[in-house]
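Student: Dropping in coords30.cif, with mmCIF, C-alpha atoms.
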```cif
data_upload
#
loop_
_atom_site.group_PDB
_atom_site.id
_atom_site.type_symbol
_atom_site.label_atom_id
_atom_site.label_comp_id
_atom_site.auth_asym_id
_atom_site.auth_seq_id
_atom_site.Cartn_x
_atom_site.Cartn_y
_atom_site.Cartn_z
ATOM 1 C CA MET A 1 -115.729 22.683 0.282
ATOM 2 C CA ARG A 2 -118.056 24.356 -2.259
ATOM 3 C CA LEU A 3 -120.504 21.478 -1.865
ATOM 4 C CA LEU A 4 -120.506 21.926 1.921
ATOM 5 C CA VAL A 5 -121.159 25.691 1.604
ATOM 6 C CA ALA A 6 -124.035 25.012 -0.830
ATOM 7 C CA CYS A 7 -125.593 22.470 1.550
ATOM 8 C CA LEU A 8 -125.329 24.892 4.472
ATOM 9 C CA LEU A 9 -126.918 27.650 2.390
ATOM 10 C CA ILE A 10 -129.826 25.396 1.381
ATOM 11 C CA LEU A 11 -130.332 24.336 4.999
ATOM 12 C CA GLY A 12 -130.230 27.970 6.108
ATOM 13 C CA LEU A 13 -132.807 28.999 3.503
ATOM 14 C CA THR A 14 -135.139 26.132 4.490
ATOM 15 C CA ALA A 15 -134.940 27.143 8.126
ATOM 16 C CA ALA A 16 -135.609 30.786 7.233
ATOM 17 C CA ALA A 17 -138.635 29.813 5.130
ATOM 18 C CA GLU A 18 -140.279 27.970 8.093
ATOM 19 C CA PRO A 19 -142.538 30.506 9.863
ATOM 20 C CA GLN A 20 -141.644 30.989 13.512
ATOM 21 C CA THR A 21 -144.428 30.917 16.108
ATOM 22 C CA THR A 22 -145.222 34.334 17.569
ATOM 23 C CA LEU A 23 -146.839 35.362 20.853
ATOM 24 C CA PRO A 24 -149.990 36.888 19.195
ATOM 25 C CA ASP A 25 -150.328 33.644 17.219
ATOM 26 C CA VAL A 26 -150.781 31.652 20.426
ATOM 27 C CA GLU A 27 -152.351 34.342 22.643
ATOM 28 C CA ASP A 28 -155.648 34.502 20.780
ATOM 29 C CA GLU A 29 -156.233 30.768 21.207
ATOM 30 C CA VAL A 30 -155.498 30.699 24.928
ATOM 31 C CA MET A 31 -157.349 31.912 28.031
ATOM 32 C CA CYS A 32 -156.194 33.712 31.145
ATOM 33 C CA VAL A 33 -156.806 30.834 33.568
ATOM 34 C CA GLU A 34 -157.786 33.013 36.506
ATOM 35 C CA CYS A 35 -159.870 35.776 34.911
ATOM 36 C CA ARG A 36 -161.406 33.594 32.127
ATOM 37 C CA THR A 37 -160.858 36.128 29.347
ATOM 38 C CA ALA A 38 -158.790 35.702 26.194
ATOM 39 C CA LEU A 39 -155.095 35.963 27.039
ATOM 40 C CA ASN A 40 -154.473 38.704 24.464
ATOM 41 C CA ILE A 41 -156.754 41.126 26.356
ATOM 42 C CA SER A 42 -155.926 40.119 29.921
ATOM 43 C CA THR A 43 -153.735 42.197 32.221
ATOM 44 C CA ALA A 44 -153.944 39.858 35.243
ATOM 45 C CA PRO A 45 -150.667 38.751 36.915
ATOM 46 C CA VAL A 46 -151.263 35.134 35.892
ATOM 47 C CA ALA A 47 -151.694 36.293 32.283
ATOM 48 C CA ASP A 48 -148.189 37.809 32.457
ATOM 49 C CA GLN A 49 -146.910 34.466 33.724
ATOM 50 C CA GLU A 50 -148.648 32.633 30.868
ATOM 51 C CA ARG A 51 -147.160 35.043 28.303
ATOM 52 C CA ALA A 52 -143.668 34.543 29.785
ATOM 53 C CA PHE A 53 -144.239 30.776 29.585
ATOM 54 C CA ILE A 54 -145.217 31.064 25.895
ATOM 55 C CA ARG A 55 -142.222 33.317 25.081
ATOM 56 C CA ALA A 56 -139.852 30.809 26.723
ATOM 57 C CA ARG A 57 -141.344 27.960 24.667
ATOM 58 C CA ILE A 58 -141.067 30.053 21.460
ATOM 59 C CA ALA A 59 -137.399 30.655 22.284
ATOM 60 C CA GLU A 60 -136.986 26.886 22.581
ATOM 61 C CA GLY A 61 -138.300 26.620 19.002
ATOM 62 C CA MET A 62 -141.651 24.974 19.779
ATOM 63 C CA THR A 63 -144.529 25.090 17.294
ATOM 64 C CA LYS A 64 -147.914 26.558 18.189
ATOM 65 C CA GLU A 65 -149.451 23.129 18.776
ATOM 66 C CA GLU A 66 -146.523 22.064 20.969
ATOM 67 C CA ILE A 67 -146.861 25.250 23.027
ATOM 68 C CA LYS A 68 -150.594 24.706 23.461
ATOM 69 C CA ALA A 69 -149.913 21.128 24.616
ATOM 70 C CA ALA A 70 -147.306 22.441 27.089
ATOM 71 C CA LEU A 71 -149.831 24.998 28.395
ATOM 72 C CA VAL A 72 -152.422 22.251 28.945
ATOM 73 C CA GLU A 73 -149.780 20.197 30.781
ATOM 74 C CA GLU A 74 -149.059 23.204 33.030
ATOM 75 C CA TYR A 75 -152.513 24.738 33.588
ATOM 76 C CA GLY A 76 -155.007 22.043 32.519
ATOM 77 C CA PRO A 77 -157.377 21.888 29.515
ATOM 78 C CA ASP A 78 -159.306 25.037 30.548
ATOM 79 C CA VAL A 79 -156.360 27.124 29.334
ATOM 80 C CA LEU A 80 -157.483 26.566 25.741
ATOM 81 C CA ALA A 81 -160.023 29.030 24.333
ATOM 82 C CA GLU A 82 -161.738 26.313 22.318
ATOM 83 C CA PRO A 83 -164.338 24.630 24.568
ATOM 84 C CA PRO A 84 -163.881 20.881 25.146
ATOM 85 C CA SER A 85 -166.175 18.611 23.147
ATOM 86 C CA GLU A 86 -167.267 16.354 25.999
ATOM 87 C CA GLY A 87 -169.666 16.390 28.962
ATOM 88 C CA PHE A 88 -171.778 19.477 29.547
ATOM 89 C CA ASP A 89 -169.256 21.614 27.611
ATOM 90 C CA ILE A 90 -170.411 19.990 24.378
ATOM 91 C CA ALA A 91 -173.403 22.377 24.664
ATOM 92 C CA ALA A 92 -171.009 25.183 23.617
ATOM 93 C CA TRP A 93 -170.802 23.479 20.214
ATOM 94 C CA LEU A 94 -174.331 22.093 19.944
ATOM 95 C CA VAL A 95 -176.392 25.122 21.014
ATOM 96 C CA PRO A 96 -175.009 27.564 18.376
ATOM 97 C CA ALA A 97 -175.339 24.838 15.696
ATOM 98 C CA ALA A 98 -178.948 24.135 16.769
ATOM 99 C CA LEU A 99 -179.729 27.877 16.786
ATOM 100 C CA VAL A 100 -178.325 28.294 13.264
ATOM 101 C CA ALA A 101 -180.352 25.269 12.075
ATOM 102 C CA LEU A 102 -183.528 26.664 13.710
ATOM 103 C CA ALA A 103 -182.952 30.108 12.180
ATOM 104 C CA ALA A 104 -182.450 28.545 8.736
ATOM 105 C CA LEU A 105 -185.636 26.510 9.163
ATOM 106 C CA GLY A 106 -187.540 29.644 10.248
ATOM 107 C CA ILE A 107 -186.293 31.632 7.231
ATOM 108 C CA ALA A 108 -187.215 28.761 4.878
ATOM 109 C CA LEU A 109 -190.755 28.579 6.336
ATOM 110 C CA MET A 110 -191.225 32.369 6.098
ATOM 111 C CA ALA A 111 -189.961 32.415 2.508
ATOM 112 C CA ARG A 112 -192.412 29.666 1.567
ATOM 113 C CA ARG A 113 -195.272 31.594 3.144
ATOM 114 C CA TRP A 114 -194.311 34.852 1.332
ATOM 115 C CA ARG A 115 -194.121 33.021 -1.987
ATOM 116 C CA ARG A 116 -197.637 31.590 -1.451
ATOM 117 C CA THR A 117 -198.968 35.040 -0.571
ATOM 118 C CA GLU A 118 -197.516 36.524 -3.782
ATOM 119 C CA ALA A 119 -198.894 33.706 -5.955
ATOM 120 C CA ALA A 120 -202.425 33.915 -4.468
ATOM 121 C CA PRO A 121 -205.130 35.691 -6.591
ATOM 122 C CA ALA A 122 -205.732 39.343 -5.677
ATOM 123 C CA GLY A 123 -209.508 38.928 -5.145
ATOM 124 C CA PRO A 124 -212.709 37.254 -6.447
ATOM 125 C CA GLU A 125 -213.231 36.876 -10.211
ATOM 126 C CA LEU A 126 -215.310 39.691 -11.879
ATOM 127 C CA ASP A 127 -218.516 38.663 -13.533
ATOM 128 C CA PRO A 128 -218.450 39.095 -17.368
ATOM 129 C CA ASP A 129 -220.601 42.331 -17.361
ATOM 130 C CA ASP A 130 -218.351 44.055 -14.810
ATOM 131 C CA ALA A 131 -215.250 42.885 -16.672
ATOM 132 C CA ARG A 132 -216.574 44.374 -19.948
ATOM 133 C CA ARG A 133 -217.424 47.676 -18.199
ATOM 134 C CA LEU A 134 -213.957 47.821 -16.592
ATOM 135 C CA ASP A 135 -212.233 47.182 -19.938
ATOM 136 C CA ALA A 136 -214.339 49.929 -21.579
ATOM 137 C CA GLU A 137 -213.517 52.446 -18.860
ATOM 138 C CA LEU A 138 -209.809 51.599 -18.903
ATOM 139 C CA SER A 139 -209.660 51.970 -22.683
ATOM 140 C CA ALA A 140 -211.430 55.373 -22.314
ATOM 141 C CA PHE A 141 -208.541 56.430 -20.043
ATOM 142 C CA ASP A 142 -205.962 55.237 -22.584
ATOM 143 C CA ARG A 143 -207.388 57.512 -25.267
ATOM 144 C CA MET B 144 -198.459 33.287 16.084
ATOM 145 C CA ARG B 145 -200.188 30.083 14.987
ATOM 146 C CA PRO B 146 -200.447 27.314 17.681
ATOM 147 C CA ARG B 147 -198.529 24.944 15.363
ATOM 148 C CA VAL B 148 -195.466 27.248 15.517
ATOM 149 C CA TYR B 149 -196.075 28.738 18.993
ATOM 150 C CA TRP B 150 -195.425 25.651 21.134
ATOM 151 C CA PRO B 151 -192.159 24.487 19.503
ATOM 152 C CA VAL B 152 -190.801 28.055 19.829
ATOM 153 C CA VAL B 153 -191.839 28.297 23.501
ATOM 154 C CA ILE B 154 -190.341 24.860 24.257
ATOM 155 C CA ALA B 155 -187.081 25.710 22.452
ATOM 156 C CA ALA B 156 -186.804 29.050 24.332
ATOM 157 C CA ALA B 157 -187.519 27.349 27.682
ATOM 158 C CA ALA B 158 -184.883 24.681 26.957
ATOM 159 C CA LEU B 159 -182.327 27.391 26.114
ATOM 160 C CA VAL B 160 -183.074 29.310 29.331
ATOM 161 C CA ALA B 161 -182.843 26.069 31.366
ATOM 162 C CA LEU B 162 -179.484 25.267 29.753
ATOM 163 C CA LEU B 163 -178.117 28.739 30.502
ATOM 164 C CA THR B 164 -179.362 28.575 34.112
ATOM 165 C CA TYR B 165 -177.739 25.175 34.612
ATOM 166 C CA GLY B 166 -174.482 26.417 33.058
ATOM 167 C CA VAL B 167 -174.347 29.488 35.322
ATOM 168 C CA ALA B 168 -175.339 27.530 38.453
ATOM 169 C CA SER B 169 -172.825 24.726 37.876
ATOM 170 C CA ASN B 170 -169.973 27.191 37.353
ATOM 171 C CA GLY B 171 -170.778 29.352 40.368
ATOM 172 C CA PRO B 172 -168.731 29.198 43.575
ATOM 173 C CA ASP B 173 -169.671 26.580 46.158
ATOM 174 C CA THR B 174 -170.489 28.405 49.406
ATOM 175 C CA SER B 175 -171.690 25.339 51.326
ATOM 176 C CA ILE B 176 -168.445 25.041 53.369
ATOM 177 C CA ASP B 177 -168.701 28.633 54.602
ATOM 178 C CA GLU B 178 -172.398 28.253 55.431
ATOM 179 C CA ARG B 179 -171.817 25.114 57.501
ATOM 180 C CA LEU B 180 -168.788 26.618 59.244
ATOM 181 C CA ALA B 181 -170.887 29.686 60.077
ATOM 182 C CA ASP B 182 -173.420 27.320 61.711
ATOM 183 C CA GLY B 183 -170.625 25.999 63.931
ATOM 184 C CA GLU B 184 -170.296 22.680 62.078
ATOM 185 C CA ARG B 185 -167.073 21.028 60.952
ATOM 186 C CA VAL B 186 -167.061 19.930 57.320
ATOM 187 C CA GLU B 187 -165.421 16.773 55.929
ATOM 188 C CA ALA B 188 -162.477 18.088 53.899
ATOM 189 C CA PRO B 189 -162.389 17.011 50.243
ATOM 190 C CA VAL B 190 -159.550 14.642 49.400
ATOM 191 C CA GLN B 191 -157.953 14.352 45.988
ATOM 192 C CA ASP B 192 -154.688 12.839 44.781
ATOM 193 C CA LEU B 193 -152.551 15.646 43.379
ATOM 194 C CA PRO B 194 -149.003 15.737 41.933
ATOM 195 C CA ARG B 195 -146.319 16.765 44.418
ATOM 196 C CA LEU B 196 -144.665 20.093 43.596
ATOM 197 C CA GLY B 197 -140.979 19.553 42.904
ATOM 198 C CA ALA B 198 -141.108 15.821 43.640
ATOM 199 C CA GLU B 199 -142.227 12.594 42.029
ATOM 200 C CA GLY B 200 -145.606 10.991 42.625
ATOM 201 C CA THR B 201 -148.837 12.205 44.112
ATOM 202 C CA GLY B 202 -150.042 13.108 47.564
ATOM 203 C CA SER B 203 -153.229 14.147 49.312
ATOM 204 C CA LEU B 204 -154.663 15.429 52.535
ATOM 205 C CA ALA B 205 -155.522 11.827 53.459
ATOM 206 C CA GLU B 206 -151.879 10.963 54.185
ATOM 207 C CA HIS B 207 -151.838 13.577 56.994
ATOM 208 C CA LYS B 208 -154.894 12.262 58.828
ATOM 209 C CA GLY B 209 -154.264 12.404 62.573
ATOM 210 C CA LYS B 210 -152.397 15.689 62.172
ATOM 211 C CA VAL B 211 -153.665 19.243 62.168
ATOM 212 C CA VAL B 212 -153.131 20.688 58.682
ATOM 213 C CA VAL B 213 -152.982 24.329 57.668
ATOM 214 C CA LEU B 214 -154.051 23.923 54.051
ATOM 215 C CA ASN B 215 -152.976 27.000 52.101
ATOM 216 C CA VAL B 216 -154.052 27.633 48.501
ATOM 217 C CA TRP B 217 -151.430 29.806 46.759
ATOM 218 C CA ALA B 218 -149.808 30.777 43.461
ATOM 219 C CA SER B 219 -146.425 32.379 42.799
ATOM 220 C CA TRP B 220 -148.004 35.127 40.632
ATOM 221 C CA CYS B 221 -150.377 36.229 43.421
ATOM 222 C CA PRO B 222 -148.951 39.186 45.438
ATOM 223 C CA PRO B 223 -150.945 38.546 48.674
ATOM 224 C CA CYS B 224 -149.766 34.910 48.594
ATOM 225 C CA VAL B 225 -146.185 36.110 48.353
ATOM 226 C CA SER B 226 -146.717 38.426 51.348
ATOM 227 C CA GLU B 227 -148.182 35.772 53.647
ATOM 228 C CA MET B 228 -145.598 33.057 52.871
ATOM 229 C CA PRO B 229 -143.076 34.017 55.585
ATOM 230 C CA LEU B 230 -145.827 33.841 58.226
ATOM 231 C CA LEU B 231 -146.873 30.422 56.972
ATOM 232 C CA GLN B 232 -143.271 29.182 57.005
ATOM 233 C CA ARG B 233 -142.828 30.413 60.606
ATOM 234 C CA THR B 234 -146.118 28.723 61.543
ATOM 235 C CA HIS B 235 -144.947 25.468 59.924
ATOM 236 C CA GLU B 236 -141.714 25.527 61.945
ATOM 237 C CA LYS B 237 -143.644 26.279 65.135
ATOM 238 C CA ILE B 238 -146.356 23.613 64.782
ATOM 239 C CA SER B 239 -144.328 20.752 63.239
ATOM 240 C CA PRO B 240 -143.167 19.395 66.625
ATOM 241 C CA ARG B 241 -146.816 19.398 67.793
ATOM 242 C CA GLY B 242 -148.146 16.962 65.176
ATOM 243 C CA ALA B 243 -149.200 19.560 62.652
ATOM 244 C CA LEU B 244 -147.990 21.040 59.377
ATOM 245 C CA VAL B 245 -148.641 23.591 56.668
ATOM 246 C CA LEU B 246 -149.548 21.973 53.337
ATOM 247 C CA GLY B 247 -149.528 24.201 50.258
ATOM 248 C CA ILE B 248 -151.804 23.778 47.251
ATOM 249 C CA ASP B 249 -150.061 25.530 44.373
ATOM 250 C CA THR B 250 -152.851 26.408 41.961
ATOM 251 C CA GLN B 251 -152.919 27.479 38.290
ATOM 252 C CA ASP B 252 -149.208 28.147 38.422
ATOM 253 C CA ALA B 253 -146.244 27.353 36.176
ATOM 254 C CA GLN B 254 -144.181 24.711 37.976
ATOM 255 C CA GLU B 255 -140.808 26.357 37.208
ATOM 256 C CA ASP B 256 -141.990 29.705 38.612
ATOM 257 C CA ALA B 257 -143.501 28.068 41.692
ATOM 258 C CA LEU B 258 -140.285 26.189 42.530
ATOM 259 C CA LYS B 259 -138.132 29.282 41.946
ATOM 260 C CA PHE B 260 -140.411 31.263 44.254
ATOM 261 C CA LEU B 261 -140.192 28.634 47.033
ATOM 262 C CA ARG B 262 -136.382 28.553 46.760
ATOM 263 C CA GLU B 263 -136.129 32.345 46.919
ATOM 264 C CA LYS B 264 -138.463 32.593 49.914
ATOM 265 C CA GLU B 265 -136.824 29.561 51.604
ATOM 266 C CA ILE B 266 -140.168 27.821 52.043
ATOM 267 C CA GLU B 267 -139.811 24.301 53.368
ATOM 268 C CA PHE B 268 -143.356 23.073 53.884
ATOM 269 C CA PRO B 269 -144.605 20.640 51.205
ATOM 270 C CA SER B 270 -146.929 21.638 48.385
ATOM 271 C CA LEU B 271 -149.164 19.775 45.953
ATOM 272 C CA ARG B 272 -150.133 21.011 42.482
ATOM 273 C CA ASP B 273 -153.734 21.786 41.569
ATOM 274 C CA ARG B 274 -152.974 22.852 38.010
ATOM 275 C CA ASP B 275 -156.560 23.661 36.912
ATOM 276 C CA ARG B 276 -158.201 24.425 40.306
ATOM 277 C CA GLU B 277 -160.261 21.242 40.204
ATOM 278 C CA TYR B 278 -159.484 20.606 43.881
ATOM 279 C CA GLY B 279 -159.915 24.291 44.708
ATOM 280 C CA ARG B 280 -163.461 24.203 43.355
ATOM 281 C CA GLU B 281 -164.304 21.454 45.866
ATOM 282 C CA LEU B 282 -163.058 23.785 48.589
ATOM 283 C CA GLY B 283 -165.128 26.658 47.174
ATOM 284 C CA VAL B 284 -161.984 28.643 46.332
ATOM 285 C CA THR B 285 -162.762 31.860 44.474
ATOM 286 C CA GLY B 286 -159.438 33.719 44.796
ATOM 287 C CA TYR B 287 -155.968 33.522 46.264
ATOM 288 C CA PRO B 288 -154.744 33.033 48.888
ATOM 289 C CA GLU B 289 -157.224 30.976 50.893
ATOM 290 C CA THR B 290 -156.458 28.901 53.987
ATOM 291 C CA PHE B 291 -158.322 26.040 55.654
ATOM 292 C CA LEU B 292 -157.611 24.581 59.076
ATOM 293 C CA ILE B 293 -158.096 20.816 59.050
ATOM 294 C CA ASP B 294 -158.521 19.034 62.389
ATOM 295 C CA ARG B 295 -157.056 15.638 63.285
ATOM 296 C CA GLU B 296 -160.170 13.878 61.950
ATOM 297 C CA GLY B 297 -159.761 15.425 58.500
ATOM 298 C CA ARG B 298 -162.559 17.989 58.920
ATOM 299 C CA ILE B 299 -162.407 21.681 58.042
ATOM 300 C CA ALA B 300 -162.590 23.643 61.290
ATOM 301 C CA ALA B 301 -162.063 27.159 59.892
ATOM 302 C CA ALA B 302 -161.609 28.874 56.538
ATOM 303 C CA ARG B 303 -159.951 32.156 55.657
ATOM 304 C CA ARG B 304 -160.844 33.642 52.258
ATOM 305 C CA GLY B 305 -157.888 36.010 51.865
ATOM 306 C CA PRO B 306 -154.445 36.320 53.497
ATOM 307 C CA VAL B 307 -154.003 34.857 56.979
ATOM 308 C CA THR B 308 -152.909 36.959 59.910
ATOM 309 C CA GLN B 309 -151.176 35.981 63.134
ATOM 310 C CA ALA B 310 -154.314 36.966 65.056
ATOM 311 C CA TRP B 311 -156.507 34.627 62.966
ATOM 312 C CA LEU B 312 -154.054 31.748 63.404
ATOM 313 C CA ASP B 313 -153.881 32.365 67.173
ATOM 314 C CA GLU B 314 -157.647 32.354 67.416
ATOM 315 C CA HIS B 315 -158.428 29.317 65.233
ATOM 316 C CA LEU B 316 -155.290 27.165 64.999
ATOM 317 C CA GLU B 317 -154.203 27.111 68.625
ATOM 318 C CA PRO B 318 -157.373 25.332 69.927
ATOM 319 C CA LEU B 319 -156.869 22.520 67.373
ATOM 320 C CA LEU B 320 -153.311 21.672 68.449
#
```
Could I get this file's structure written as structure tokens?
Tutor:
Amino acid sequence: MRLLVACLLILGLTAAAEPQTTLPDVEDEVMCVECRTALNISTAPVADQERAFIRARIAEGMTKEEIKAALVEEYGPDVLAEPPSEGFDIAAWLVPAALVALAALGIALMARRWRRTEAAPAGPELDPDDARRLDAELSAFDR
Amino acid sequence: MRPRVYWPVVIAAAALVALLTYGVASNGPDTSIDERLADGERVEAPVQDLPRLGAEGTGSLAEHKGKVVVLNVWASWCPPCVSEMPLLQRTHEKISPRGALVLGIDTQDAQEDALKFLREKEIEFPSLRDRDREYGRELGVTGYPETFLIDREGRIAAARRGPVTQAWLDEHLEPLL
């Protein structure tokens, strides 16, 4: 009997330790299919239906990934906030990556140019007579 | 800006603008059906195999060729769709003996909710599921409800962007029957 109680307790604790999916957890990764905004900021009637759908799946004990799969089954792949990585939609991934790469390249080129400018001599070399006169005048100031 | 840097920057900016323009244009609503209908033409209705709502298998407009079809795009969460359903059901009952039917296209809707809604409203005409509006886009659908009258040759004879009325059905449906 004691062994049974201990087993039940352990099982209960394991279940309690497993985080349960919440509505905000799923909402920010899903779109309102009609208004094309994130579900967590949409007030459209279809958004209410989507939220009710998610709540029902949470009550059934589904994980976030299972709920997202069920949403795709119900509303199609456009329900997911993450853009698909095929066809023209791949541009949503490639364009930001290309822009970041271009910006990095631009910064690198600018930095190289600035470094060259700093390293360059300030002006033409003074001839020895002028250099001697300059040193004499500067040392007169130091006194 | 030096010419060596100028041209790659201009080309990259032009490519970005072209990409954005293409993206916006390809996602915009298709108004070609409305334009051709306005010119008095009839437009070949798009056909796509779609899952049957509340039944096994798929169906399409093609299986009703030879009949006049009132093709209604609806969703259970859309209040105007809910309001026009009784009129559509009455129309279905009235035109069925005359070789015609109402065919629903349930769009972007949870199946359970859609079936519950049909039971509650006692709607008997068949519906197909367009879960992500892929078919709707071919019809130029921008909102709900929208209704298309398909003649016996499978061509769109009239389109209603918004709820149907008895007057509109009398004017456009009656001549097709």
Student: So how many Å separate atom CA of Val212 of chain B and atom CA of Pro229 of chain B, to one decimal?
Tutor: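 About the pair atom CA of Val212 of chain B and atom CA of Pro229 of chain B: they are 17.0 Å apart.
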Student: If the PyMOL selection byres ((chain A) within 9 of (chain B)) were run on this exact file, what residues would it hold? Put them as a PyMOL selection string.
Tutor: chain A and resi 33-34+45-46+48-50+53+71+73-79+88-89+91+95
Student: Work out how far apart atom CA of Val72 of chain A and atom CA of His207 of chain B are and give it in Å to one decimal.
Tutor: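 If I compute the distance from atom CA of Val72 of chain A to atom CA of His207 of chain B, I get 29.4 Å.
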Student: Please tell me which residues are no farther than 10 Å from (-167.2, 24.0, 59.5) in the file, counting all atoms listed in the file, and write them as a ChimeraX atom specification.
Tutor: /B:175-188,291-293,298-302
Student: Could you check which of B:Pro318, B:Glu281, B:Leu196, B:Val190 is closest to Ala257 of chain B, using only C-alpha atoms?
Tutor: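 Using only C-alpha atoms, the shortest distance to Ala257 of chain B belongs to B:Leu196.
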Student: To one decimal place, how far is atom CA of Gly297 of chain B from atom CA of Lys208 of chain B in Å?
Tutor: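 Between atom CA of Gly297 of chain B and atom CA of Lys208 of chain B the gap works out to 5.8 Å.
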Student: Report, as JSON, the axis-aligned box around all atoms of segment 147-156 of chain B present in the file, extended by 5 Å on each side; give centre and edge lengths in Å to one decimal place.
Tutor:
```
{"center_x": -192.7, "center_y": 26.8, "center_z": 19.8, "size_x": 21.7, "size_y": 14.6, "size_z": 19.0}
```
Student: Please provide as a PyMOL selection string all residues within 10 Å of Lys264 of chain B, with the sequence filter that same-chain residues fewer than 3 positions apart are discarded (counting all atoms listed in the file).
Tutor: chain B and resi 225+228-229+232+258-261+267
Student: Quick one: apply the PyMOL selection byres ((chain A and resi 18-29) around 12) to the file and drop the selected residues here as an MDAnalysis selection string.
Tutor: chainID A and resid 11:17 30:32 37:42 47:48 50:71 78:83
